[in-house]
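Undergrad: Supplied structure: my_file-v1.cif, mmCIF, C-alpha atoms.
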```cif
data_work
loop_
_atom_site.label_atom_id
_atom_site.label_comp_id
_atom_site.auth_asym_id
_atom_site.auth_seq_id
_atom_site.Cartn_x
_atom_site.Cartn_y
_atom_site.Cartn_z
CA MET A 228 28.57 131.40 101.86
CA ASP A 229 27.99 128.29 99.77
CA LYS A 230 30.39 125.64 101.10
CA VAL A 231 29.35 122.80 98.80
CA VAL A 232 32.18 121.29 96.74
CA ALA A 233 31.75 119.19 93.64
CA SER A 234 33.14 115.91 94.97
CA ALA A 235 34.84 114.20 97.87
CA ALA A 236 38.03 114.07 95.81
CA GLU A 237 37.99 117.86 95.49
CA ALA A 238 37.24 118.26 99.19
CA VAL A 239 40.36 116.31 100.26
CA ALA A 240 42.69 117.47 97.48
CA ASP A 241 44.81 119.63 99.81
CA ILE A 242 45.23 117.12 102.65
CA PRO A 243 48.98 116.38 102.68
CA SER A 244 50.90 113.38 103.89
CA GLY A 245 51.69 113.76 107.58
CA ALA A 246 48.44 115.58 108.37
CA SER A 247 46.43 115.01 111.53
CA ILE A 248 42.77 114.15 110.89
CA ALA A 249 39.87 113.95 113.36
CA SER A 250 37.43 111.39 111.97
CA GLY A 251 33.85 111.17 113.20
CA GLY A 252 31.62 108.18 113.77
CA PHE A 253 30.90 105.64 116.47
CA GLY A 254 31.91 102.13 115.54
CA ILE A 255 30.97 102.25 111.87
CA SER A 256 27.84 104.30 112.54
CA GLY A 257 28.04 107.77 111.05
CA ILE A 258 31.51 107.32 109.60
CA PRO A 259 32.50 109.62 106.70
CA ALA A 260 32.94 106.62 104.40
CA VAL A 261 32.92 108.50 101.10
CA ILE A 262 35.53 111.00 102.26
CA ILE A 263 37.67 108.17 103.65
CA ASP A 264 37.53 106.44 100.26
CA ALA A 265 38.71 109.68 98.63
CA ILE A 266 41.67 109.84 101.04
CA VAL A 267 42.50 106.22 100.23
CA GLU A 268 42.50 107.11 96.53
CA ARG A 269 44.83 110.07 97.15
CA GLY A 270 47.39 107.70 98.62
CA ILE A 271 48.70 110.15 101.22
CA THR A 272 50.60 108.53 104.09
CA ASP A 273 52.05 109.16 107.54
CA LEU A 274 48.64 110.26 108.82
CA GLU A 275 47.78 110.82 112.47
CA ILE A 276 44.15 109.93 113.15
CA PHE A 277 41.98 111.04 116.07
CA SER A 278 38.89 108.83 116.24
CA ASN A 279 36.79 106.87 118.69
CA ASN A 280 37.93 103.69 116.92
CA CYS A 281 39.56 102.66 113.65
CA GLY A 282 36.70 101.09 111.77
CA THR A 283 36.72 97.36 111.09
CA ASP A 284 38.78 95.25 108.72
CA GLY A 285 38.27 96.72 105.25
CA VAL A 286 35.64 99.23 106.39
CA GLY A 287 36.04 102.95 107.04
CA LEU A 288 39.39 103.83 108.57
CA GLY A 289 40.25 100.15 108.26
CA LYS A 290 40.88 100.82 104.56
CA LEU A 291 43.54 103.40 105.44
CA LEU A 292 45.13 100.87 107.79
CA GLU A 293 45.28 98.20 105.11
CA ASN A 294 47.00 100.68 102.77
CA LYS A 295 49.56 101.54 105.49
CA GLN A 296 48.51 105.20 105.34
CA ILE A 297 48.22 105.69 109.11
CA ARG A 298 51.30 106.30 111.24
CA ARG A 299 49.62 107.06 114.56
CA ILE A 300 46.14 106.99 116.06
CA VAL A 301 44.56 108.41 119.20
CA ALA A 302 41.51 106.28 119.99
CA SER A 303 39.47 104.83 122.83
CA TYR A 304 38.39 101.46 121.39
CA VAL A 305 40.13 99.23 118.86
CA GLY A 306 38.68 95.78 119.47
CA GLU A 307 36.95 95.16 116.13
CA ASN A 308 39.97 95.38 113.84
CA LYS A 309 42.41 92.47 113.49
CA GLU A 310 44.73 94.38 111.14
CA PHE A 311 44.90 97.18 113.72
CA ALA A 312 46.05 94.69 116.36
CA ARG A 313 48.59 93.15 114.01
CA GLN A 314 50.17 96.47 113.04
CA TYR A 315 50.24 97.69 116.64
CA LEU A 316 51.87 94.54 118.04
CA ALA A 317 54.34 94.44 115.13
CA GLY A 318 55.52 97.99 115.83
CA GLU A 319 54.09 99.35 112.57
CA LEU A 320 51.51 101.62 114.22
CA GLU A 321 51.69 104.02 117.17
CA VAL A 322 48.58 103.98 119.36
CA GLU A 323 47.59 106.38 122.14
CA LEU A 324 44.66 104.78 123.94
CA THR A 325 42.53 107.41 125.68
CA PRO A 326 39.42 107.04 127.86
CA GLN A 327 36.36 107.66 125.69
CA GLY A 328 34.98 110.63 127.61
CA THR A 329 38.44 112.16 127.83
CA LEU A 330 38.87 111.80 124.07
CA ALA A 331 35.55 113.54 123.44
CA GLU A 332 36.49 116.39 125.76
CA ARG A 333 39.98 116.76 124.25
CA LEU A 334 38.37 117.22 120.85
CA ARG A 335 35.70 119.59 122.15
CA ALA A 336 38.31 121.61 124.03
CA ALA A 337 40.27 122.07 120.82
CA GLY A 338 37.14 123.42 119.16
CA VAL A 339 36.41 126.04 121.81
CA GLY A 340 39.97 127.23 122.40
CA VAL A 341 40.65 125.49 125.73
CA PRO A 342 44.28 124.29 125.65
CA ALA A 343 43.98 121.77 128.49
CA PHE A 344 41.71 120.67 131.33
CA TYR A 345 41.86 118.71 134.57
CA THR A 346 39.94 115.45 135.07
CA LEU A 347 39.68 112.61 137.59
CA THR A 348 39.47 110.02 134.81
CA GLY A 349 42.63 107.94 134.75
CA MET A 350 43.94 108.90 138.17
CA GLY A 351 45.67 105.98 139.86
CA THR A 352 46.30 104.23 136.52
CA GLN A 353 48.98 104.27 133.82
CA VAL A 354 46.96 106.96 132.07
CA ALA A 355 48.27 109.31 134.77
CA LYS A 356 51.48 107.55 135.76
CA GLY A 357 52.71 106.89 132.23
CA GLY A 358 54.21 103.70 130.84
CA LEU A 359 51.40 102.70 128.45
CA PRO A 360 52.96 101.20 125.29
CA TRP A 361 52.36 103.65 122.45
CA ARG A 362 54.57 101.80 119.99
CA TYR A 363 56.27 98.41 120.13
CA ALA A 364 59.61 97.49 118.61
CA PRO A 365 59.73 94.59 116.14
CA ASP A 366 61.16 92.36 118.90
CA GLY A 367 58.12 92.99 121.11
CA SER A 368 59.74 95.43 123.51
CA VAL A 369 58.20 98.85 124.14
CA ALA A 370 59.78 101.42 121.84
CA VAL A 371 57.68 104.42 122.89
CA ALA A 372 55.74 104.67 126.17
CA SER A 373 53.29 107.29 127.36
CA PRO A 374 54.79 109.98 129.61
CA PRO A 375 53.44 110.77 133.08
CA LYS A 376 50.85 113.55 133.13
CA PRO A 377 50.93 116.65 135.34
CA THR A 378 48.55 116.59 138.29
CA ALA A 379 47.09 119.19 140.63
CA GLU A 380 44.97 119.15 143.76
CA PHE A 381 41.59 120.85 143.97
CA GLU A 382 39.57 120.78 147.19
CA GLY A 383 41.42 117.77 148.48
CA ARG A 384 41.24 115.65 145.30
CA THR A 385 43.99 115.07 142.76
CA TYR A 386 43.29 115.55 139.07
CA LEU A 387 45.41 114.92 135.98
CA LEU A 388 45.94 117.36 133.15
CA GLU A 389 44.75 116.42 129.66
CA ARG A 390 45.67 118.51 126.63
CA ALA A 391 43.27 119.50 123.86
CA LEU A 392 43.53 117.61 120.59
CA PRO A 393 43.47 120.03 117.63
CA ALA A 394 43.60 118.49 114.16
CA ASP A 395 44.72 119.85 110.80
CA PHE A 396 41.55 118.46 109.20
CA ALA A 397 38.28 116.93 110.36
CA ILE A 398 36.08 114.57 108.35
CA VAL A 399 32.48 113.89 109.45
CA ARG A 400 29.14 112.59 108.20
CA ALA A 401 25.78 114.24 108.84
CA TRP A 402 22.24 113.09 108.17
CA LYS A 403 21.23 116.55 106.95
CA GLY A 404 23.15 119.70 106.13
CA ASP A 405 22.64 122.99 104.33
CA ARG A 406 24.90 124.94 102.00
CA HIS A 407 26.18 127.07 104.89
CA GLY A 408 27.47 123.97 106.69
CA ASN A 409 24.84 123.74 109.43
CA LEU A 410 24.53 120.06 110.32
CA ARG A 411 22.10 117.66 111.93
CA PHE A 412 23.06 114.11 112.99
CA ARG A 413 20.98 111.00 113.71
CA LYS A 414 21.22 108.81 116.79
CA ALA A 415 24.70 107.29 117.47
CA ALA A 416 26.23 109.33 114.64
CA ARG A 417 25.95 112.36 116.91
CA ASN A 418 28.39 110.94 119.48
CA PHE A 419 31.73 111.94 117.97
CA ASN A 420 30.97 113.73 114.70
CA PRO A 421 30.26 117.17 116.24
CA VAL A 422 33.37 117.30 118.43
CA CYS A 423 35.58 116.01 115.63
CA ALA A 424 34.34 118.77 113.33
CA MET A 425 34.99 121.34 116.07
CA ALA A 426 38.58 120.13 116.49
CA GLY A 427 39.60 120.46 112.85
CA ALA A 428 41.24 123.59 111.45
CA ILE A 429 39.47 122.63 108.21
CA ALA A 430 36.31 120.54 108.63
CA ILE A 431 34.82 118.55 105.74
CA ALA A 432 31.31 117.14 106.06
CA GLU A 433 29.59 114.63 103.82
CA VAL A 434 25.80 114.96 104.10
CA GLU A 435 23.12 112.45 103.22
CA HIS A 436 20.48 115.11 102.57
CA LEU A 437 21.58 118.52 101.30
CA VAL A 438 19.01 121.29 101.88
CA GLU A 439 18.93 125.03 101.40
CA PRO A 440 19.83 127.52 104.16
CA GLY A 441 16.82 128.02 106.41
CA ASP A 442 15.37 124.56 105.77
CA ILE A 443 16.82 123.28 109.06
CA ASP A 444 15.10 124.87 112.03
CA PRO A 445 17.71 126.63 114.20
CA ASP A 446 16.62 124.51 117.17
CA ASP A 447 17.43 121.38 115.14
CA VAL A 448 21.00 122.35 114.27
CA HIS A 449 23.43 120.09 116.13
CA LEU A 450 26.57 121.77 114.77
CA PRO A 451 26.63 125.38 113.49
CA GLY A 452 28.13 126.04 110.09
CA VAL A 453 30.86 128.19 111.63
CA TYR A 454 32.71 124.95 112.35
CA VAL A 455 32.35 123.52 108.84
CA ASP A 456 34.42 124.57 105.83
CA ARG A 457 33.38 122.17 103.05
CA VAL A 458 30.22 120.19 102.35
CA VAL A 459 30.03 117.11 100.11
CA ALA A 460 26.51 116.13 99.00
CA LEU A 461 26.14 112.35 98.81
CA THR A 462 24.18 110.55 96.12
CA ALA A 463 21.19 108.45 97.18
CA GLU A 464 23.28 105.31 96.72
CA GLN A 465 26.13 106.64 98.83
CA ALA A 466 23.75 107.76 101.56
CA ALA A 467 22.10 104.34 101.70
CA ASP A 468 25.37 102.40 101.79
CA LYS A 469 25.73 101.79 105.53
CA GLY A 470 27.38 98.78 107.11
CA ILE A 471 26.40 96.80 110.19
CA GLU A 472 29.29 96.34 112.58
CA ARG A 473 27.85 93.33 114.37
CA LEU A 474 24.61 91.66 113.29
CA THR A 475 22.58 90.36 116.23
CA THR A 476 19.50 88.20 115.83
CA ARG A 477 16.99 86.71 118.24
CA PRO A 478 14.60 83.74 117.93
CA ARG A 479 10.99 84.46 117.03
CA SER A 480 8.28 81.95 117.93
CA ALA A 481 5.47 81.35 115.44
CA LYS A 482 1.90 80.43 116.34
CA ASP A 483 2.56 76.80 115.40
CA GLY A 484 5.39 76.62 117.90
CA THR A 485 8.21 76.64 115.34
CA ARG A 486 11.06 79.13 115.65
CA SER A 487 12.70 81.32 113.08
CA TRP A 488 15.41 83.98 113.33
CA ARG A 489 15.38 87.67 112.68
#
```
Go ahead and express the file in the form of structure tokens.

TA:
Amino acid sequence: MDKVVASAAEAVADIPSGASIASGGFGISGIPAVIIDAIVERGITDLEIFSNNCGTDGVGLGKLLENKQIRRIVASYVGENKEFARQYLAGELEVELTPQGTLAERLRAAGVGVPAFYTLTGMGTQVAKGGLPWRYAPDGSVAVASPPKPTAEFEGRTYLLERALPADFAIVRAWKGDRHGNLRFRKAARNFNPVCAMAGAIAIAEVEHLVEPGDIDPDDVHLPGVYVDRVVALTAEQAADKGIERLTTRPRSAKDGTRSWR
């Protein structure tokens, strides 16, 4: 089955306001930037986002934040986005902070039909006990707090119950993909993209290099096409347009003893 659609706009045309969306990427590495831009253009609102983070100011999911299109987000790291912090502290955004490994497993569990699982992560903290501020009131008080989670004992140790995190849609970016939706990721982009795609009832993938079925060796497929519903082929310009979240340089000494930076 050929899953390639003509454009990102066509791929997201049926995403409604109020939908839940699992969005791949790690920092701003491997984010589905072209699909996100198409969602921004659609102007849908009241979205619930499941993602490792929420982009940076004006980049990736940060664009949806600036447009006030996100109502709630489940994430594990939010430290690079000032607008995120402002909306959260002002009571404009509901935030469920989740340990990173737990978030990955909640998404993966949704993809393989596991409704919930037990884990040690978070035991002895507010993750288990409840009381984490999900949403603030305008006066700074806590309007919505996390509930306590069920626990159970196994072989003398207490574990907490985490529920799977199924999404209405998933949006991901792959380095290479074929027309059947088989995907291959590069480096850090592989961290959350596969599990996000698995969690979505409808998964949309933008691919930097579109190839024909059979061109990707089966041993090189990171995510089988059974999890992917739509494929958007990026142009060379779109594929090359990748941001740097934090530029780090180091001094380099020349033979004459002078120093430059790179």

Undergrad: So which one's closest to Ala317 of chain A, A:Thr385, A:Ser368, A:Thr475, A:Asn280? Using all atoms listed in the file, please.

TA: A:Ser368

Undergrad: What's around segment 336-343 of chain A at 9 Å? Count only C-alpha atoms, leave out sequence neighbours fewer than 6 positions away in its own chain, and write the answer as a tab-separated table (two decimals) with C-alpha atoms, in the frame of the given file.

TA:
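Generated output (around20.tsv):
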```
chain	number	residue	atom	x	y	z
A	388	LEU	CA	45.94	117.36	133.15
A	389	GLU	CA	44.75	116.42	129.66
A	390	ARG	CA	45.67	118.51	126.63
A	391	ALA	CA	43.27	119.50	123.86
A	392	LEU	CA	43.53	117.61	120.59
A	393	PRO	CA	43.47	120.03	117.63
A	394	ALA	CA	43.60	118.49	114.16
A	422	VAL	CA	33.37	117.30	118.43
A	423	CYS	CA	35.58	116.01	115.63
A	424	ALA	CA	34.34	118.77	113.33
A	425	MET	CA	34.99	121.34	116.07
A	426	ALA	CA	38.58	120.13	116.49
A	427	GLY	CA	39.60	120.46	112.85
A	428	ALA	CA	41.24	123.59	111.45
A	454	TYR	CA	32.71	124.95	112.35
```

Undergrad: (42.5, 109.8, 117.5) in this file's frame - what residues fall within 6 Å of it? Use only C-alpha atoms and give the answer as a PyMOL selection string.

TA: chain A and resi 276-278+300-302

Undergrad: Applying the PyMOL selection byres ((chain A and resi 229) around 10) to the file I just gave you, which residues come out? Please list them as a PDB file with C-alpha atoms, in the coordinates of the input.

TA:
```pdb
ATOM      1  CA  MET A 228      28.570 131.400 101.860  1.00  0.00           C
ATOM      2  CA  LYS A 230      30.390 125.640 101.100  1.00  0.00           C
ATOM      3  CA  VAL A 231      29.350 122.800  98.800  1.00  0.00           C
ATOM      4  CA  VAL A 232      32.180 121.290  96.740  1.00  0.00           C
ATOM      5  CA  ASP A 405      22.640 122.990 104.330  1.00  0.00           C
ATOM      6  CA  ARG A 406      24.900 124.940 102.000  1.00  0.00           C
ATOM      7  CA  HIS A 407      26.180 127.070 104.890  1.00  0.00           C
ATOM      8  CA  GLY A 408      27.470 123.970 106.690  1.00  0.00           C
ATOM      9  CA  GLU A 439      18.930 125.030 101.400  1.00  0.00           C
ATOM     10  CA  PRO A 440      19.830 127.520 104.160  1.00  0.00           C
ATOM     11  CA  ASP A 456      34.420 124.570 105.830  1.00  0.00           C
ATOM     12  CA  ARG A 457      33.380 122.170 103.050  1.00  0.00           C
ATOM     13  CA  VAL A 458      30.220 120.190 102.350  1.00  0.00           C
TER      14      VAL A 458
END
```

Undergrad: Could you check how far atom CA of Lys356 of chain A sits from atom CA of Gly383 of chain A, in Å to one decimal?

TA: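 These atoms are spaced 19.2 Å apart.
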
Undergrad: Smallest atom-to-atom distance to Gly318 of chain A: which of A:Pro445, A:Pro451, A:Gly367, A:Pro243, using only C-alpha atoms?

TA: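 Distance minimum relative to Gly318 of chain A lands on A:Gly367.
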
Undergrad: Go through A:Gln465, A:Thr352, A:Ser256, A:Ser303 and flag the residue nearest Val286 of chain A, using all atoms listed in the file for the distances.

TA: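 Closest to Val286 of chain A, using all atoms listed in the file: A:Ser256.
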
Undergrad: Let me have the centre and edge lengths in Å, one decimal, of the box along x, y and z around every listed atom of segment 260-268 of chain A with 8 Å of margin on each side, as JSON.

TA:
```
{"center_x": 37.7, "center_y": 108.6, "center_z": 100.5, "size_x": 25.6, "size_y": 20.8, "size_z": 23.9}
```

Undergrad: In terms of the shortest atom-to-atom distance over only C-alpha atoms, which of A:Leu324, A:Leu387, A:Ile266, A:Val453 is closest to Ala240 of chain A?

TA: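 Using only C-alpha atoms, Ala240 of chain A sits closest to A:Ile266.
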
Undergrad: Do you know which residues the PyMOL selection byres ((chain A and resi 421) around 10) returns on this file, as a compact mmCIF listing (two decimals) with C-alpha atoms, keeping the file's coordinate frame?

TA:
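Printed below is part-v6.txt as written:
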```txt
# COMPACT_ATOMS: atom_id res chain seq x y z
CA GLY A 251 33.85 111.17 113.20
CA GLY A 252 31.62 108.18 113.77
CA ALA A 331 35.55 113.54 123.44
CA LEU A 334 38.37 117.22 120.85
CA ARG A 335 35.70 119.59 122.15
CA GLY A 338 37.14 123.42 119.16
CA ALA A 397 38.28 116.93 110.36
CA VAL A 399 32.48 113.89 109.45
CA ARG A 400 29.14 112.59 108.20
CA ALA A 401 25.78 114.24 108.84
CA LEU A 410 24.53 120.06 110.32
CA ARG A 411 22.10 117.66 111.93
CA PHE A 412 23.06 114.11 112.99
CA ALA A 416 26.23 109.33 114.64
CA ARG A 417 25.95 112.36 116.91
CA ASN A 418 28.39 110.94 119.48
CA PHE A 419 31.73 111.94 117.97
CA ASN A 420 30.97 113.73 114.70
CA VAL A 422 33.37 117.30 118.43
CA CYS A 423 35.58 116.01 115.63
CA ALA A 424 34.34 118.77 113.33
CA MET A 425 34.99 121.34 116.07
CA ALA A 426 38.58 120.13 116.49
CA HIS A 449 23.43 120.09 116.13
CA LEU A 450 26.57 121.77 114.77
CA PRO A 451 26.63 125.38 113.49
CA TYR A 454 32.71 124.95 112.35
CA VAL A 455 32.35 123.52 108.84
```

Undergrad: List the residues selected by the PyMOL selection byres ((chain A and resi 254) around 10) in the file shown, writing them as a PyMOL selection string.

TA: chain A and resi 251-253+255-258+278-283+287+304-305+307+415-416+471-473

Undergrad: For Trp402 of chain A, which of A:Val371, A:Val354, A:Leu437, A:Leu316 is the closest residue, counting all atoms listed in the file?

TA: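 Looking at the shortest contact to Trp402 of chain A, the residue is A:Leu437.
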
Undergrad: Separation of atom CA of Lys469 of chain A and atom CA of Glu435 of chain A, in Å?

TA: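 A separation of 11.2 Å between them.
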